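Colleague: Please find entry05.cif (mmCIF, C-alpha atoms) on the next line:
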```
data_protein
#
loop_
_atom_site.label_atom_id
_atom_site.label_comp_id
_atom_site.auth_asym_id
_atom_site.auth_seq_id
_atom_site.Cartn_x
_atom_site.Cartn_y
_atom_site.Cartn_z
CA MET A 138 26.53 62.24 -69.83
CA LYS A 139 24.33 65.08 -70.94
CA TYR A 140 24.03 68.37 -69.02
CA SER A 141 21.12 70.69 -69.51
CA TYR A 142 20.07 74.02 -67.94
CA ILE A 143 16.43 73.55 -69.04
CA ALA A 144 15.71 70.06 -67.69
CA PRO A 145 17.69 69.66 -64.51
CA LYS A 146 18.31 66.15 -63.27
CA LYS A 147 16.20 65.35 -60.15
CA LYS A 148 18.20 64.63 -57.03
CA SER A 149 16.75 61.93 -54.71
CA ALA A 150 16.90 62.35 -50.96
CA PHE A 151 17.77 58.61 -50.77
CA THR A 152 21.29 58.77 -51.87
CA GLN A 153 23.34 55.63 -51.83
CA GLU A 154 24.82 56.58 -48.44
CA ILE A 155 21.38 57.15 -46.96
CA GLN A 156 20.15 53.82 -48.33
CA LEU A 157 23.16 52.09 -46.84
CA LEU A 158 22.60 53.86 -43.54
CA LEU A 159 18.89 52.99 -43.50
CA SER A 160 19.55 49.34 -44.22
CA PHE A 161 22.16 49.28 -41.49
CA PHE A 162 19.72 50.97 -39.09
CA SER A 163 16.91 48.63 -40.07
CA ILE A 164 19.05 45.55 -39.58
CA THR A 165 20.27 46.81 -36.19
CA LEU A 166 16.75 47.65 -35.02
CA LEU A 167 15.41 44.37 -36.38
CA MET A 168 18.08 42.42 -34.52
CA LEU A 169 17.31 44.27 -31.31
CA LEU A 170 13.59 43.68 -31.66
CA VAL A 171 14.03 40.04 -32.63
CA THR A 172 16.26 39.49 -29.59
CA TYR A 173 13.69 41.23 -27.40
CA ALA A 174 10.87 39.14 -28.89
CA PHE A 175 12.90 35.97 -28.40
CA LEU A 176 13.53 36.85 -24.75
CA LEU A 177 9.88 37.69 -24.19
CA TYR A 178 8.77 34.45 -25.81
CA LYS A 179 11.29 32.36 -23.89
CA ASN A 180 10.38 33.97 -20.58
CA TYR A 181 6.73 33.31 -21.32
CA THR A 182 7.42 29.64 -22.19
CA PHE A 183 9.55 29.27 -19.04
CA VAL A 184 6.65 30.51 -16.92
CA GLU A 185 4.25 28.19 -18.73
CA ASP A 186 6.63 25.21 -18.43
CA LYS A 187 7.09 25.97 -14.74
CA LYS A 188 3.33 26.04 -14.23
CA GLU A 189 2.95 22.76 -16.14
CA LEU A 190 5.73 21.14 -14.13
CA SER A 191 4.15 22.30 -10.87
CA THR A 192 0.76 20.91 -11.92
CA LYS A 193 2.35 17.62 -12.95
CA LYS A 194 4.30 17.45 -9.69
CA ILE A 195 1.14 18.05 -7.65
CA GLU A 196 -0.57 15.24 -9.58
CA LEU A 197 2.42 12.97 -9.02
CA GLU A 198 2.42 13.84 -5.31
CA LYS A 199 -1.26 12.98 -5.06
CA SER A 200 -0.74 9.71 -6.90
CA PHE A 201 2.32 9.00 -4.74
CA LEU A 202 0.30 9.52 -1.55
CA VAL A 203 -2.41 7.18 -2.83
CA MET A 204 0.23 4.58 -3.69
CA GLU A 205 1.95 4.96 -0.33
CA THR A 206 -1.36 4.44 1.46
CA GLU A 207 -2.05 1.37 -0.67
CA ILE A 208 1.45 -0.02 -0.07
CA ALA A 209 1.03 0.47 3.69
CA HIS A 210 -2.39 -1.21 3.51
CA ILE A 211 -1.07 -4.20 1.54
CA GLU A 212 1.90 -4.53 3.91
CA LYS A 213 -0.54 -4.50 6.82
CA GLN A 214 -2.74 -7.10 5.10
CA LYS A 215 0.32 -9.23 4.42
CA MET A 216 1.51 -8.97 8.02
CA LEU A 217 -1.92 -9.82 9.45
CA SER A 218 -2.40 -12.74 7.08
CA GLU A 219 1.05 -14.09 7.92
CA THR A 220 0.26 -13.79 11.64
CA VAL A 221 -3.06 -15.59 11.09
CA TYR A 222 -1.45 -18.34 9.01
CA THR A 223 1.32 -18.78 11.59
CA LYS A 224 -1.25 -18.99 14.41
CA ASN A 225 -3.21 -21.61 12.49
CA THR A 226 -0.06 -23.64 11.87
CA VAL A 227 1.02 -23.33 15.51
CA LEU A 228 -2.47 -24.35 16.56
CA LYS A 229 -2.32 -27.39 14.30
CA ASP A 230 1.06 -28.39 15.75
CA SER A 231 -0.18 -27.78 19.31
CA ILE A 232 -3.22 -30.01 18.79
CA ALA A 233 -1.06 -32.67 17.16
CA ASN A 234 1.41 -32.50 20.04
CA LEU A 235 -1.43 -32.70 22.55
CA PHE A 236 -2.84 -35.86 21.01
CA ASP A 237 0.66 -37.32 20.71
CA LEU A 238 1.15 -36.59 24.40
CA VAL A 239 -1.70 -38.84 25.42
CA PRO A 240 -0.39 -42.38 26.01
CA LEU A 241 -2.12 -45.31 24.36
CA ARG A 242 -3.42 -46.69 27.66
CA ILE A 243 -5.30 -43.48 28.42
CA THR A 244 -8.39 -42.69 26.40
CA LEU A 245 -9.63 -39.13 26.04
CA SER A 246 -13.33 -38.49 25.90
CA GLN A 247 -13.18 -34.72 25.60
CA ALA A 248 -10.54 -32.03 25.14
CA GLN A 249 -11.20 -28.34 25.54
CA LEU A 250 -8.47 -26.05 24.28
CA LEU A 251 -8.77 -22.62 25.87
CA LYS A 252 -6.81 -19.47 25.25
CA ASN A 253 -4.98 -19.90 28.52
CA GLY A 254 -5.38 -23.58 29.20
CA LEU A 255 -6.45 -27.07 28.45
CA ILE A 256 -9.11 -29.25 30.01
CA LEU A 257 -8.94 -32.96 29.35
CA TYR A 258 -11.59 -35.53 30.20
CA GLY A 259 -10.75 -39.20 29.87
CA ILE A 260 -10.35 -42.59 31.36
CA THR A 261 -7.17 -44.20 32.76
CA PRO A 262 -6.52 -47.76 34.01
CA ASN A 263 -5.00 -46.39 37.21
CA LYS A 264 -3.83 -43.15 38.76
CA ASP A 265 -0.12 -43.97 38.39
CA ILE A 266 -0.30 -44.30 34.63
CA TYR A 267 -2.08 -40.96 34.50
CA ASN A 268 0.38 -39.29 36.92
CA PHE A 269 3.54 -40.54 35.19
CA MET A 270 2.51 -40.64 31.59
CA LEU A 271 0.16 -37.70 31.21
CA GLN A 272 0.31 -35.40 34.19
CA ALA A 273 4.12 -35.17 34.19
CA PRO A 274 4.40 -33.83 30.63
CA LEU A 275 1.38 -31.57 31.23
CA ARG A 276 3.08 -30.11 34.30
CA SER A 277 6.14 -29.27 32.22
CA ILE A 278 3.98 -27.30 29.76
CA PHE A 279 1.43 -25.59 32.03
CA HIS A 280 1.95 -23.48 35.13
CA LYS A 281 -1.03 -24.82 37.04
CA THR A 282 -2.33 -28.36 36.76
CA TYR A 283 -5.27 -29.80 38.69
CA SER A 284 -6.53 -33.33 38.38
CA SER A 285 -9.54 -35.06 39.80
CA PHE A 286 -10.50 -38.71 39.54
CA TYR A 287 -13.83 -40.54 39.64
CA PRO A 288 -13.97 -44.34 39.75
CA ALA A 289 -15.52 -45.90 36.66
CA LYS A 290 -17.66 -49.04 36.63
CA ASN A 291 -14.90 -51.26 35.21
CA GLY A 292 -12.44 -50.33 37.96
CA TRP A 293 -10.69 -47.72 35.87
CA TYR A 294 -10.70 -44.05 36.71
CA ARG A 295 -12.36 -41.19 34.93
CA PHE A 296 -10.27 -38.07 35.23
CA VAL A 297 -10.58 -34.36 34.62
CA SER A 298 -7.30 -32.59 34.07
CA THR A 299 -7.40 -28.81 34.19
CA ASN A 300 -4.25 -27.02 33.11
CA TYR A 301 -3.55 -23.29 32.91
CA ILE A 302 -0.79 -21.02 31.66
CA ASP A 303 -0.14 -17.71 33.44
CA GLU A 304 -1.83 -14.74 31.76
CA GLU A 305 1.53 -12.89 31.65
CA GLU A 306 3.03 -15.64 29.51
CA ILE A 307 0.17 -15.36 27.02
CA ALA A 308 0.60 -11.59 26.87
CA ILE A 309 4.34 -12.06 26.10
CA ASP A 310 3.54 -14.61 23.36
CA GLU A 311 1.05 -12.23 21.75
CA MET B 172 39.22 75.06 -44.57
CA SER B 173 36.68 72.69 -45.92
CA SER B 174 33.22 72.99 -44.27
CA ILE B 175 31.30 69.82 -43.21
CA SER B 176 28.38 69.21 -45.51
CA ARG B 177 24.84 69.25 -44.16
CA GLN B 178 24.36 65.66 -45.26
CA HIS B 179 27.23 64.56 -43.11
CA ILE B 180 25.81 66.40 -40.12
CA TYR B 181 22.46 64.58 -40.65
CA LEU B 182 24.31 61.32 -40.86
CA VAL B 183 26.16 61.96 -37.63
CA VAL B 184 22.95 63.05 -35.83
CA VAL B 185 20.95 60.04 -37.00
CA SER B 186 23.82 57.73 -36.09
CA MET B 187 23.96 59.33 -32.65
CA PHE B 188 20.22 58.78 -32.26
CA LEU B 189 20.60 55.16 -33.23
CA LEU B 190 23.48 54.69 -30.86
CA ILE B 191 21.55 56.31 -28.01
CA PHE B 192 18.46 54.22 -28.86
CA VAL B 193 20.50 51.04 -28.96
CA LEU B 194 22.16 51.83 -25.65
CA VAL B 195 18.96 52.88 -23.90
CA PHE B 196 17.02 49.89 -25.28
CA SER B 197 19.78 47.49 -24.35
CA PHE B 198 20.26 48.76 -20.80
CA LEU B 199 16.63 49.38 -19.97
CA VAL B 200 14.95 46.48 -21.76
CA LEU B 201 17.22 43.86 -23.24
CA ILE B 202 19.67 43.36 -20.38
CA PRO B 203 16.97 43.04 -17.65
CA GLN B 204 15.01 40.67 -19.91
CA GLY B 205 18.20 38.71 -20.56
CA LYS B 206 18.89 38.47 -16.83
CA GLU B 207 15.35 37.31 -16.21
CA TYR B 208 15.76 34.79 -19.04
CA ARG B 209 18.95 33.42 -17.49
CA ILE B 210 17.43 33.18 -14.01
CA LYS B 211 14.27 31.51 -15.31
CA ARG B 212 16.26 29.09 -17.45
CA VAL B 213 18.36 27.99 -14.44
CA GLU B 214 15.23 27.79 -12.30
CA LEU B 215 13.41 25.69 -14.90
CA LYS B 216 16.44 23.44 -15.31
CA LYS B 217 16.50 22.89 -11.53
CA LEU B 218 12.76 22.26 -11.45
CA THR B 219 12.98 19.85 -14.38
CA LYS B 220 15.78 17.94 -12.64
CA GLU B 221 13.78 17.81 -9.40
CA PHE B 222 10.70 16.73 -11.32
CA ARG B 223 12.64 14.01 -13.14
CA GLU B 224 14.03 12.71 -9.84
CA TYR B 225 10.60 12.78 -8.24
CA SER B 226 9.12 11.12 -11.31
CA ASN B 227 11.74 8.34 -11.11
CA PHE B 228 10.99 7.91 -7.41
CA HIS B 229 7.27 7.81 -8.24
CA ASP B 230 7.91 5.16 -10.90
CA GLU B 231 9.97 3.11 -8.45
CA THR B 232 7.15 3.33 -5.89
CA GLU B 233 4.68 2.30 -8.58
CA ASP B 234 6.86 -0.71 -9.43
CA THR B 235 7.01 -1.62 -5.74
CA LEU B 236 3.23 -1.37 -5.53
CA GLN B 237 2.72 -3.50 -8.66
CA ASP B 238 5.20 -6.03 -7.30
CA LEU B 239 3.41 -6.13 -3.93
CA ARG B 240 0.04 -6.45 -5.67
CA SER B 241 1.16 -9.32 -7.86
CA LYS B 242 2.95 -11.16 -5.03
CA ASN B 243 0.02 -10.78 -2.62
CA ARG B 244 -2.86 -11.05 -5.06
CA ARG B 245 -4.46 -13.94 -3.16
CA ILE B 246 -4.26 -12.13 0.19
CA ILE B 247 -5.65 -8.88 -1.26
CA THR B 248 -8.53 -10.75 -2.89
CA ALA B 249 -9.13 -12.67 0.35
CA PHE B 250 -9.48 -9.43 2.32
CA ASP B 251 -11.85 -8.07 -0.32
CA THR B 252 -14.04 -11.19 -0.34
CA LYS B 253 -17.09 -11.08 1.88
CA PHE B 254 -17.43 -14.24 3.96
CA ASN B 255 -20.14 -16.52 2.70
CA PRO B 256 -20.97 -19.35 5.16
CA GLU B 257 -22.60 -21.57 2.50
CA ARG B 258 -19.63 -21.23 0.17
CA PHE B 259 -17.25 -21.93 3.06
CA GLU B 260 -19.21 -25.05 4.03
CA ARG B 261 -19.18 -26.30 0.43
CA ALA B 262 -15.44 -25.70 0.08
CA ASN B 263 -14.49 -27.47 3.34
CA LYS B 264 -17.08 -30.23 3.46
CA GLY B 265 -14.44 -32.77 2.44
CA TYR B 266 -12.57 -32.47 5.72
CA PHE B 267 -15.59 -33.13 7.93
CA SER B 268 -18.37 -35.67 8.18
CA ASP B 269 -20.60 -32.75 9.02
CA LEU B 270 -19.91 -29.00 9.06
CA LYS B 271 -22.19 -26.20 10.20
CA VAL B 272 -21.18 -22.56 10.21
CA SER B 273 -23.29 -20.08 12.15
CA SER B 274 -24.27 -16.78 10.57
CA LEU B 275 -21.90 -13.88 10.83
CA SER B 276 -21.66 -11.87 14.02
CA GLU B 277 -21.84 -8.07 14.03
CA PRO B 278 -18.53 -6.93 12.56
CA THR B 279 -16.00 -5.28 14.81
CA LEU B 280 -12.71 -3.56 14.17
CA GLU B 281 -9.36 -5.15 14.98
CA ASN B 282 -6.00 -3.66 13.98
CA GLY B 283 -7.73 -1.50 11.38
CA PHE B 284 -9.51 -4.46 9.76
CA GLY B 285 -13.07 -5.69 9.90
CA LEU B 286 -13.58 -8.82 11.94
CA TYR B 287 -16.45 -11.31 11.98
CA GLU B 288 -16.67 -14.12 14.48
CA VAL B 289 -18.21 -17.33 13.26
CA ASN B 290 -19.06 -20.33 15.39
CA THR B 291 -18.52 -23.68 13.79
CA THR B 292 -19.67 -27.14 14.77
CA SER B 293 -18.42 -30.15 12.95
CA GLN B 294 -17.84 -33.89 13.11
CA ILE B 295 -14.55 -35.47 12.18
CA SER B 296 -13.44 -39.06 11.93
CA SER B 297 -9.88 -38.39 13.10
CA PRO B 298 -7.78 -35.43 14.25
CA LYS B 299 -5.93 -35.62 10.90
CA SER B 300 -9.02 -34.23 9.15
CA PHE B 301 -8.82 -31.23 11.45
CA TYR B 302 -5.11 -30.76 10.67
CA ASP B 303 -5.86 -30.92 6.96
CA PHE B 304 -8.63 -28.37 7.47
CA LEU B 305 -6.20 -26.04 9.28
CA ASP B 306 -3.76 -26.38 6.37
CA ALA B 307 -6.56 -25.74 3.90
CA ILE B 308 -7.87 -22.54 5.50
CA ASN B 309 -4.41 -21.02 5.12
CA LYS B 310 -4.92 -21.38 1.37
CA SER B 311 -8.62 -20.54 1.31
CA ALA B 312 -10.37 -17.56 -0.27
CA TYR B 313 -10.72 -15.84 3.12
CA ILE B 314 -8.37 -14.76 5.89
CA ILE B 315 -9.51 -17.01 8.71
CA ALA B 316 -7.96 -17.59 12.11
CA VAL B 317 -9.23 -20.56 14.07
CA ASN B 318 -9.72 -19.29 17.56
CA PHE B 319 -10.16 -20.64 21.05
CA PRO B 320 -12.09 -22.23 22.64
CA ILE B 321 -11.82 -25.42 20.62
CA ASP B 322 -13.75 -28.34 21.91
CA PHE B 323 -13.28 -31.97 20.83
CA LYS B 324 -15.73 -34.48 22.20
CA ARG B 325 -15.67 -38.18 21.46
CA ASP B 326 -19.00 -39.65 20.41
CA GLY B 327 -18.54 -43.31 19.48
CA GLU B 328 -16.34 -43.49 16.40
CA ILE B 329 -16.56 -39.81 15.56
CA ILE B 330 -15.24 -36.66 17.20
CA LYS B 331 -17.60 -33.74 17.58
CA SER B 332 -15.74 -30.50 17.41
CA SER B 333 -16.76 -26.92 17.88
CA PHE B 334 -14.61 -23.87 17.49
CA THR B 335 -14.72 -20.18 16.72
CA MET B 336 -13.28 -18.66 13.58
CA LYS B 337 -12.17 -15.07 13.14
CA VAL B 338 -12.75 -13.88 9.60
CA TYR B 339 -10.84 -10.74 8.61
CA CYS B 340 -11.87 -8.35 5.87
CA ASN B 341 -11.23 -4.76 4.82
CA LYS B 342 -12.65 -1.97 6.94
CA SER B 343 -14.51 -0.60 3.91
CA ASP B 344 -16.43 -3.88 3.62
CA ILE B 345 -17.71 -3.37 7.16
CA ASN B 346 -18.95 0.11 6.31
CA ALA B 347 -20.65 -1.28 3.20
CA THR B 348 -22.30 -4.03 5.23
CA ALA B 349 -23.38 -1.51 7.87
CA SER B 350 -24.97 0.77 5.29
CA GLU B 351 -26.66 -2.22 3.63
CA SER B 352 -28.16 -3.33 6.93
CA LYS B 353 -29.30 0.24 7.66
CA LYS B 354 -31.09 0.36 4.30
CA LYS B 355 -32.84 -2.93 5.15
#
```
If you convert what's in this file into structure tokens, what do you get?
Modeller:
Amino acid sequence: MKYSYIAPKKKSAFTQEIQLLLSFFSITLLMLLVTYAFLLYKNYTFVEDKKELSTKKIELEKSFLVMETEIAHIEKQKMLSETVYTKNTVLKDSIANLFDLVPLRITLSQAQLLKNGLILYGITPNKDIYNFMLQAPLRSIFHKTYSSFYPAKNGWYRFVSTNYIDEEEIAIDE
Amino acid sequence: MSSISRQHIYLVVVSMFLLIFVLVFSFLVLIPQGKEYRIKRVELKKLTKEFREYSNFHDETEDTLQDLRSKNRRIITAFDTKFNPERFERANKGYFSDLKVSSLSEPTLENGFGLYEVNTTSQISSPKSFYDFLDAINKSAYIIAVNFPIDFKRDGEIIKSSFTMKVYCNKSDINATASESKKK
């Protein structure tokens, strides 16, 4: 190493210690700032995610309400259709039972099925056959039964049988 | 006694500044932000869990709806189909010797559904045809209830019958029909 009084060696302010210190400071500050930036970014994304979730949830709620309404509507349709189909089947069985009820010796000319009753027009060889074979079963089904007879030309009797069920019974059935 | 060099004093001062800065920054900025981060993370986790549960419930409801739709497709279509008397006559002609369906009545509301009443007159050869017809309307393209009064009258070898039918449809179809008739 050369020493000179004429050309002095320049001394830098950034000595090795200072450089070490500055790098340490820079790293520390950088870490702090990076952590701060990370927290800021995360908090921002949390807020955004929360907003997105809320929007999605509102959409889901709307869609859910629509689906619920549709489910209720379909259930109602199903229930009504089942009621209608059952009524039709019951009606079919009732008509079949009615015609089965009429004995072979009695001939019906007209049958009126009402909501609360039944009116039968027909012809019977005699009143007893009508009373025992048709009126008796009708009496067991209906609450009120009225019969009237008109003599026919061949000696038989034309009859009109009017039968009613109490309104209360119909209301209970419905 | 050795005196402390100026450089060392600078070092100590700058280090003190850094320490103070780090402490102040941490306590005033980083720690509150960190707390907020933790709270928001927990909150988001909770919300995500709730959302996932709700989403699963939504999916289950959707499956139920799809299942209901597929199982009741015929009924749904039947409620959506507007009653067409000519089409009905054509479809059920086979059960009757003669079938006439009157035009639709003004629609009314029953149990939240539209309801048309249609009068029908027909001729059948035997009651069995009528039973077959009743079986058939339960599988038809409409929701039809055969209603009282039903009248059967013997006319030689045939039976003349007349009855009322209740045709059900969706309420919206009624509104559409009403607006159509208003336009006319």
Colleague: Return the single residue from A:Leu235, A:Leu271, A:Ile266, A:Leu177 that is closest to chain B, with distances computed using all atoms listed in the file.
Modeller: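 For chain B, the nearest of the candidates is A:Leu177.
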Colleague: For chain A, list the residues within 9 Å of chain B, counting all atoms listed in the file, and write the list as a PyMOL selection string.
Modeller: chain A and resi 154-155+158+162+165-166+169+172-173+176-177+179-180+183-184+186-187+190-191+193-194+197-198+200-201+204-205+207-208+211-212+214-215+217-218+221-226+228-230+232-233+236+245-252
Colleague: In Å, rounded to a single decimal, give me how far atom CA of B:Thr335 is from atom CA of B:Val289.
Modeller: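 Pair atom CA of B:Val289 / atom CA of B:Thr335 returns 5.7 Å.
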Colleague: The PyMOL selection byres ((chain B and resi 266) around 8) on the file shown: which residues, as a list in words?
Modeller: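 For this structure, the PyMOL selection byres ((chain B and resi 266) around 8) captures Asn263, Lys264, Gly265, Phe267, Ser268, Ile295, Ser300, Phe301, Asp303 and Phe304 of chain B.
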Colleague: Would you write out, as a PyMOL selection string, every residue that the PyMOL selection byres ((chain A and resi 294) around 7) captures in this file?
Modeller: chain A and resi 260-263+286-289+292-293+295-296
Colleague: Between atom CA of A:Phe269 and atom CA of B:Ile329, what is the spacing in Å?
Modeller: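 Taking atom CA of B:Ile329 as the start and atom CA of A:Phe269 as the end point, the length is 28.1 Å.
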Colleague: How many Å separate atom CA of A:Thr206 from atom CA of B:Leu280?
Modeller: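 Here the two named atoms are 18.8 Å from each other.
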Colleague: For a quick check of understanding, using only C-alpha atoms, which of B:Met336, B:Lys271, B:Ala307, B:Lys342 has the smallest distance to B:Asp251?
Modeller: B:Lys342
